[in-house]
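Shown below: data39.txt, with compact mmCIF, C-alpha atoms.
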# COMPACT_ATOMS: atom_id res chain seq x y z
CA MET A 1 0.00 0.00 0.00
CA THR A 2 1.29 3.45 -0.86
CA ILE A 3 -0.42 6.67 0.26
CA ARG A 4 1.05 10.06 -0.58
CA ILE A 5 -0.24 13.59 -0.04
CA GLN A 6 1.88 16.06 -1.99
CA ARG A 7 1.98 19.47 -3.64
CA GLU A 8 3.99 18.38 -6.66
CA ASP A 9 2.69 16.64 -9.77
CA PHE A 10 2.90 12.85 -10.13
CA ASP A 11 4.04 10.56 -12.94
CA ALA A 12 1.19 8.09 -13.45
CA GLY A 13 3.13 6.10 -16.03
CA ALA A 14 6.13 5.64 -13.76
CA GLU A 15 3.93 4.59 -10.82
CA MET A 16 2.07 2.06 -12.98
CA ALA A 17 5.30 0.63 -14.40
CA ARG A 18 6.77 0.22 -10.91
CA MET A 19 3.64 -1.57 -9.64
CA ARG A 20 3.39 -3.72 -12.78
CA ARG A 21 6.91 -5.02 -12.20
CA ALA A 22 6.51 -5.51 -8.43
CA HIS A 23 4.76 -8.91 -8.65
CA ARG A 24 5.10 -11.67 -11.24
CA SER A 25 1.43 -12.46 -10.68
CA VAL A 26 0.21 -9.04 -11.85
CA GLY A 27 -2.20 -9.55 -14.73
CA ALA A 28 -4.02 -6.22 -14.61
CA VAL A 29 -3.20 -2.62 -13.74
CA ALA A 30 -6.19 -0.29 -13.36
CA SER A 31 -5.75 3.42 -12.82
CA PHE A 32 -7.74 6.60 -12.38
CA VAL A 33 -6.55 10.20 -12.69
CA GLY A 34 -8.82 13.01 -11.45
CA VAL A 35 -8.28 16.35 -13.19
CA VAL A 36 -9.26 19.97 -12.43
CA ARG A 37 -12.16 20.95 -14.74
CA ASP A 38 -12.50 24.43 -16.21
CA HIS A 39 -16.13 24.62 -15.01
CA ASN A 40 -18.21 23.58 -12.01
CA ASP A 41 -21.83 24.16 -10.98
CA GLY A 42 -22.48 26.47 -13.91
CA ALA A 43 -19.45 28.70 -13.46
CA ALA A 44 -16.06 28.93 -15.15
CA VAL A 45 -13.25 27.81 -12.88
CA THR A 46 -9.85 29.44 -13.26
CA GLY A 47 -8.15 27.68 -10.37
CA LEU A 48 -8.63 25.94 -7.07
CA VAL A 49 -6.88 25.35 -3.79
CA LEU A 50 -7.02 21.92 -2.23
CA GLU A 51 -6.64 21.61 1.51
CA HIS A 52 -6.79 18.63 3.82
CA TYR A 53 -6.68 17.64 7.48
CA PRO A 54 -3.11 16.43 8.09
CA GLY A 55 -3.00 13.35 10.26
CA MET A 56 -6.54 12.28 9.52
CA THR A 57 -6.15 12.23 5.74
CA GLU A 58 -3.45 9.57 5.75
CA LYS A 59 -5.41 7.51 8.26
CA ALA A 60 -8.63 7.75 6.22
CA LEU A 61 -6.90 6.77 2.96
CA GLU A 62 -5.14 3.83 4.64
CA ALA A 63 -8.50 2.62 5.95
CA ILE A 64 -10.05 2.87 2.47
CA VAL A 65 -7.22 0.90 0.87
CA ALA A 66 -7.36 -1.70 3.65
CA ASP A 67 -11.10 -2.00 2.97
CA ALA A 68 -10.36 -2.51 -0.75
CA HIS A 69 -7.95 -5.33 0.13
CA ALA A 70 -10.68 -6.97 2.23
CA ARG A 71 -13.31 -6.70 -0.51
CA PHE A 72 -11.32 -7.49 -3.64
CA VAL A 73 -8.53 -9.83 -4.67
CA ILE A 74 -5.82 -7.29 -5.38
CA LEU A 75 -2.05 -7.30 -5.11
CA ASP A 76 -1.31 -3.65 -4.35
CA ALA A 77 -2.90 -0.21 -4.36
CA LEU A 78 -1.53 3.32 -4.53
CA VAL A 79 -3.22 6.65 -3.83
CA VAL A 80 -1.51 9.98 -4.55
CA HIS A 81 -3.52 13.12 -3.79
CA ARG A 82 -2.29 16.63 -4.44
CA ILE A 83 -2.87 19.67 -2.23
CA GLY A 84 -2.28 23.38 -2.77
CA ALA A 85 -3.00 25.62 -5.74
CA LEU A 86 -4.03 23.88 -8.98
CA GLU A 87 -5.24 25.05 -12.39
CA PRO A 88 -7.67 23.56 -14.92
CA GLY A 89 -6.01 20.60 -16.61
CA ASP A 90 -3.82 19.79 -13.61
CA PRO A 91 -4.03 16.26 -12.22
CA ILE A 92 -5.46 16.09 -8.67
CA VAL A 93 -5.51 12.44 -7.70
CA LEU A 94 -4.06 9.13 -8.88
CA VAL A 95 -5.30 5.69 -7.90
CA VAL A 96 -3.53 2.58 -9.21
CA VAL A 97 -4.56 -0.98 -8.36
CA THR A 98 -2.84 -4.17 -9.45
CA SER A 99 -4.46 -7.59 -9.50
CA SER A 100 -4.12 -10.89 -11.32
CA HIS A 101 -7.36 -10.20 -13.18
CA ARG A 102 -9.06 -7.09 -14.55
CA GLY A 103 -12.38 -7.45 -12.72
CA ASP A 104 -10.95 -6.94 -9.24
CA ALA A 105 -8.53 -4.27 -10.50
CA PHE A 106 -11.34 -2.21 -12.07
CA ASP A 107 -13.71 -2.67 -9.13
CA ALA A 108 -11.13 -1.89 -6.46
CA CYS A 109 -9.96 1.23 -8.32
CA ARG A 110 -13.52 2.53 -8.57
CA PHE A 111 -14.25 1.60 -4.96
CA VAL A 112 -11.21 3.52 -3.69
CA MET A 113 -12.24 6.62 -5.65
CA ASP A 114 -15.89 6.43 -4.59
CA TYR A 115 -14.90 6.13 -0.94
CA LEU A 116 -12.20 8.79 -1.22
CA LYS A 117 -14.77 11.26 -2.57
CA THR A 118 -16.98 10.87 0.49
CA ARG A 119 -14.61 9.88 3.33
CA ALA A 120 -11.20 11.45 2.87
CA PRO A 121 -10.88 14.92 4.44
CA PHE A 122 -10.03 17.06 1.44
CA TRP A 123 -11.75 20.32 0.47
CA LYS A 124 -11.65 22.41 -2.69
CA LYS A 125 -11.92 26.18 -2.79
CA GLU A 126 -12.35 27.35 -6.36
CA THR A 127 -11.90 30.67 -8.09
CA THR A 128 -14.66 31.73 -10.50
CA PRO A 129 -15.39 35.08 -12.23
CA ALA A 130 -17.77 35.82 -9.32
CA GLY A 131 -15.12 35.24 -6.67
CA VAL A 132 -13.80 32.47 -4.47
CA ARG A 133 -16.12 29.76 -3.11
CA TRP A 134 -15.94 26.45 -1.29
CA VAL A 135 -17.04 23.58 -3.51
CA GLU A 136 -20.32 21.98 -2.39
CA ALA A 137 -20.45 18.22 -1.85
CA ARG A 138 -22.53 16.29 -4.38
CA GLY A 139 -25.31 13.88 -3.53
CA SER A 140 -24.25 11.77 -6.52
CA ASP A 141 -20.96 11.08 -4.74
CA ASP A 142 -22.86 9.68 -1.74
CA ASP A 143 -24.89 7.53 -4.12
CA ALA A 144 -21.72 6.22 -5.77
CA ALA A 145 -20.18 5.27 -2.43
CA ALA A 146 -23.42 3.64 -1.25
CA ARG A 147 -23.34 1.17 -4.16
CA TRP A 148 -20.48 -0.77 -2.55
CA MET B 1 -3.11 4.82 31.10
CA THR B 2 -2.24 5.32 34.78
CA ALA B 3 -3.23 2.91 37.50
CA ALA B 4 -5.81 4.17 39.99
CA PRO B 5 -4.50 4.68 43.53
CA LEU B 6 -5.40 1.72 45.73
CA LEU B 7 -7.17 3.86 48.33
CA ALA B 8 -8.83 6.36 45.99
CA PRO B 9 -12.01 7.80 47.48
CA PRO B 10 -15.14 6.71 45.67
CA ALA B 11 -16.00 9.10 42.85
CA ASP B 12 -19.03 11.26 43.48
CA PRO B 13 -21.42 10.26 40.71
CA CYS B 14 -23.13 13.65 40.84
CA ALA B 15 -19.96 15.71 40.46
CA PRO B 16 -19.70 17.41 37.05
CA VAL B 17 -16.90 16.16 34.85
CA ALA B 18 -14.86 18.74 32.96
CA VAL B 19 -12.52 18.00 30.09
CA THR B 20 -10.47 20.32 27.93
CA VAL B 21 -10.23 19.54 24.23
CA ARG B 22 -8.50 21.10 21.23
CA LEU B 23 -11.02 22.12 18.59
CA VAL B 24 -10.01 22.21 14.92
CA TYR B 25 -12.18 24.07 12.38
CA LEU B 26 -11.63 23.00 8.79
CA ALA B 27 -12.20 24.55 5.36
CA ARG B 28 -15.53 26.45 5.17
CA LEU B 29 -15.99 26.29 8.93
CA ARG B 30 -12.60 27.89 9.57
CA ASP B 31 -13.64 30.79 7.33
CA ALA B 32 -17.10 31.04 8.92
CA PHE B 33 -15.74 31.01 12.48
CA GLY B 34 -12.77 33.21 11.61
CA SER B 35 -10.40 30.83 13.40
CA PRO B 36 -8.53 27.58 12.74
CA GLY B 37 -9.48 26.30 16.17
CA GLU B 38 -9.42 26.89 19.90
CA THR B 39 -9.17 25.22 23.28
CA LEU B 40 -12.51 24.50 24.92
CA THR B 41 -13.43 23.18 28.36
CA VAL B 42 -16.63 21.19 28.47
CA ALA B 43 -18.44 20.24 31.67
CA SER B 44 -21.07 17.58 31.83
CA ALA B 45 -23.10 15.85 34.54
CA THR B 46 -21.82 12.55 33.20
CA VAL B 47 -19.00 11.75 30.82
CA PRO B 48 -18.64 14.63 28.32
CA ALA B 49 -19.40 13.64 24.75
CA VAL B 50 -19.22 15.14 21.27
CA LEU B 51 -22.78 16.42 21.63
CA ASP B 52 -21.75 18.54 24.66
CA VAL B 53 -19.16 20.31 22.50
CA LEU B 54 -21.69 20.99 19.75
CA THR B 55 -24.29 22.23 22.23
CA LEU B 56 -21.81 24.62 23.81
CA LEU B 57 -20.76 26.01 20.42
CA ARG B 58 -24.34 26.37 19.16
CA ALA B 59 -25.22 28.36 22.26
CA ARG B 60 -22.78 31.06 21.16
CA GLY B 61 -25.17 32.02 18.37
CA GLY B 62 -23.99 33.76 15.20
CA ALA B 63 -21.91 31.73 12.78
CA PHE B 64 -21.62 28.86 15.26
CA ALA B 65 -25.38 28.46 15.60
CA ARG B 66 -25.85 28.86 11.85
CA GLU B 67 -23.14 26.45 10.70
CA LEU B 68 -23.83 23.82 13.36
CA ALA B 69 -27.64 23.98 13.13
CA LEU B 70 -29.37 20.61 13.10
CA GLY B 71 -29.67 19.44 9.52
CA ARG B 72 -26.39 21.04 8.43
CA SER B 73 -24.09 18.23 7.45
CA VAL B 74 -21.09 18.84 9.67
CA ARG B 75 -19.17 15.79 10.79
CA VAL B 76 -16.98 15.41 13.82
CA ALA B 77 -13.69 13.56 14.14
CA VAL B 78 -12.15 12.76 17.50
CA ASN B 79 -8.40 12.13 17.33
CA HIS B 80 -8.61 11.76 13.53
CA THR B 81 -11.44 9.21 13.52
CA MET B 82 -15.05 9.98 12.63
CA ALA B 83 -17.24 10.11 15.72
CA GLY B 84 -20.95 10.19 16.52
CA ASP B 85 -22.66 12.63 18.89
CA ALA B 86 -22.56 10.14 21.77
CA GLN B 87 -18.83 9.45 21.63
CA PRO B 88 -17.13 10.34 24.90
CA ILE B 89 -14.32 12.88 24.82
CA GLY B 90 -11.32 13.11 27.13
CA ASP B 91 -8.75 15.65 28.22
CA GLY B 92 -6.42 16.61 25.39
CA ASP B 93 -8.53 15.06 22.63
CA GLU B 94 -8.43 16.73 19.23
CA VAL B 95 -12.03 17.35 18.16
CA ALA B 96 -12.34 18.48 14.54
CA LEU B 97 -15.43 19.86 12.80
CA LEU B 98 -15.52 18.89 9.13
CA PRO B 99 -17.79 20.22 6.39
CA PRO B 100 -18.75 17.65 3.71
CA VAL B 101 -15.55 16.59 1.94
CA THR B 102 -14.90 17.50 -1.70
CA GLY B 103 -11.60 15.92 -2.66
CA GLY B 104 -10.71 13.68 -5.57

Can you give me the file's structure in the form of C-alpha cells?
Amino acid sequence: MTIRIQREDFDAGAEMARMRRAHRSVGAVASFVGVVRDHNDGAAVTGLVLEHYPGMTEKALEAIVADAHARFVILDALVVHRIGALEPGDPIVLVVVTSSHRGDAFDACRFVMDYLKTRAPFWKKETTPAGVRWVEARGSDDDAAARW
Amino acid sequence: MTAAPLLAPPADPCAPVAVTVRLVYLARLRDAFGSPGETLTVASATVPAVLDVLTLLRARGGAFARELALGRSVRVAVNHTMAGDAQPIGDGDEVALLPPVTGG
C-alpha cells in the first residue's frame, strides 16, 4: 500500500510501471486520474486550492485501501492526492490498483475513488469570475459510495 | 493509562466532569468562524461527549449556531477518527469539525 499527499505533480506512467513489475502475478493494472475541470456548478473555474486535514487524511486513505484489500482480490494499491494551488487541466488524484485479473482491479480502483470522494478529508476552494467559493459536496458522490 | 491509587475515594457520581479539548475548524468552517481552532473546556453531569461540544458552540449564536444547526451536514472527528454525537471525549482530545468533503 502506498499513500502520498503532496503538492507536486505525479508521474502516473512511472507509478504504474513500478507496480506492474513488483509482482510476477500481476495480470491487470487499473488506474484513475482526477483532473481539475474548467467549469463547475455552472461557473467557469480558473483555479482551485485543495486543503486537507493532516494526520486524519493519511489515516482515512489507509482505511479505504485496507477495505479494498478486504473486498477485492488485489495485489497492491496506490493513492496519490495533491494539495495546494491547482489550475484547470492539472491532475489532482491518482489511484492505481494491481491484480491478477481485470475485474478486481477495475472494481477496487472505482471503490477507492468512490470512498475517497466521500470519506477522505479534502476540500476544494475554487476561483470563479464571481469570486472564491468552497465547492459543495454532491449527492451523486454519496450515491456512488453507497453502491459498494 | 495510569493505575488508579489503591485507596482512591469513591467518585461522586453527581460531580460534574470537565474536560479540555482542542477544537479544529476545517475549510468552510474555519472561514465562517474566523479561526482555525481553539481550546474548549466542556463540563457535563456525566462523561462529556461530542454532543456537549456541539451544544456549547451552538449556544454562542452567530456563525456557530448557523453552521452547526441541526440538519447542516457537519461531521466530527475525535483524534482523527469519525465520531458520533454520543462518543465520549477526554482531556487533550483533538475534536475536529468537518464540512462535507470535496476531494478527488

Mind checking which residues fall within 12 Å of Phe64 (chain B), counting all atoms listed in the file, ignoring those fewer than 2 positions away in the same chain, and posting them as a ChimeraX atom specification? /B:25,29-35,53-62,66-70,72,74,97

All residues 8 Å or closer to Met1 (chain A), only C-alpha atoms, same chain fewer than 2 positions away omitted, as a PyMOL selection string: chain A and resi 3+62+65+76-78

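Distance-wise, CA of Pro121 (chain A) and CA of Glu136 (chain A) end up 13.6 Å apart.
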
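One finds CA of Phe106 (chain A) at 14.8 Å from CA of Arg147 (chain A).
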
Within 8 Å of (-6.1, 8.5, 0.7), only C-alpha atoms: residues as a compact mmCIF listing (two decimals) with C-alpha atoms, keeping the file's coordinate frame?
# COMPACT_ATOMS: atom_id res chain seq x y z
CA ILE A 3 -0.42 6.67 0.26
CA ARG A 4 1.05 10.06 -0.58
CA ILE A 5 -0.24 13.59 -0.04
CA THR A 57 -6.15 12.23 5.74
CA GLU A 58 -3.45 9.57 5.75
CA LYS A 59 -5.41 7.51 8.26
CA ALA A 60 -8.63 7.75 6.22
CA LEU A 61 -6.90 6.77 2.96
CA GLU A 62 -5.14 3.83 4.64
CA ILE A 64 -10.05 2.87 2.47
CA VAL A 65 -7.22 0.90 0.87
CA VAL A 79 -3.22 6.65 -3.83
CA VAL A 80 -1.51 9.98 -4.55
CA HIS A 81 -3.52 13.12 -3.79
CA LEU A 116 -12.20 8.79 -1.22
CA ALA A 120 -11.20 11.45 2.87

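The nearest approach to Val19 (chain B) among the residues B:Thr102, B:Asn79, B:Gln87, B:Thr41, with only C-alpha atoms taken into account, belongs to B:Thr41.
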
How close does each residue of chain A get to chain B, giving the shortest atom pair and distance in Å to one decimal for every residue with an atom at most 7 Å away, counting all atoms listed in the file, sorted by chain and residue number, as a tab-separated table?
residue	atom	partner	partner_atom	distance
A:Gly34	CA	B:Gly104	CA	6.2
A:Gly55	CA	B:His80	CA	6.7
A:Met56	CA	B:His80	CA	4.5
A:Ile92	CA	B:Gly104	CA	6.6
A:Val93	CA	B:Gly104	CA	5.8
A:Leu116	CA	B:Gly104	CA	6.7
A:Lys117	CA	B:Gly104	CA	5.6
A:Thr118	CA	B:Val101	CA	6.1
A:Arg119	CA	B:Val101	CA	6.9
A:Ala120	CA	B:Val101	CA	6.8
A:Pro121	CA	B:Val101	CA	5.6
A:Phe122	CA	B:Gly103	CA	4.5
A:Trp123	CA	B:Thr102	CA	4.8
A:Lys124	CA	B:Thr102	CA	6.0
A:Trp134	CA	B:Arg28	CA	6.5
A:Val135	CA	B:Thr102	CA	6.7
A:Ala137	CA	B:Thr102	CA	5.6

Determine, counting only C-alpha atoms, which protein, DNA and RNA residues have an atom within 9 Å of an atom of Gly90 (chain B); residues of the same chain fewer than 4 positions away are not included. Present the result as an mmCIF file with C-alpha atoms, keeping the file's coordinate frame.
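Done, and the output landed in result.cif:
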data_model
loop_
_atom_site.group_PDB
_atom_site.id
_atom_site.type_symbol
_atom_site.label_atom_id
_atom_site.label_comp_id
_atom_site.auth_asym_id
_atom_site.auth_seq_id
_atom_site.Cartn_x
_atom_site.Cartn_y
_atom_site.Cartn_z
ATOM 1 C CA ALA B 18 -14.860 18.740 32.960
ATOM 2 C CA VAL B 19 -12.520 18.000 30.090
ATOM 3 C CA THR B 20 -10.470 20.320 27.930
ATOM 4 C CA VAL B 21 -10.230 19.540 24.230
ATOM 5 C CA VAL B 47 -19.000 11.750 30.820
ATOM 6 C CA PRO B 48 -18.640 14.630 28.320
ATOM 7 C CA ALA B 49 -19.400 13.640 24.750
#

Two-atom distance - CA of His39 (chain A), CA of Ala85 (chain A) (Å): 16.1 Å

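Each of B:Val76, B:Ala83, B:Ile89, B:Ala63 was compared to Leu40 (chain B) using only C-alpha atoms, and B:Ile89 turns out to be the nearest.
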
9 Å contact set for region 10-25 of chain A, only C-alpha atoms, chain neighbours under 4 positions out, as number ranges by chain: A: 6, 29-31, 33, 75-78, 80, 82, 91, 93-100
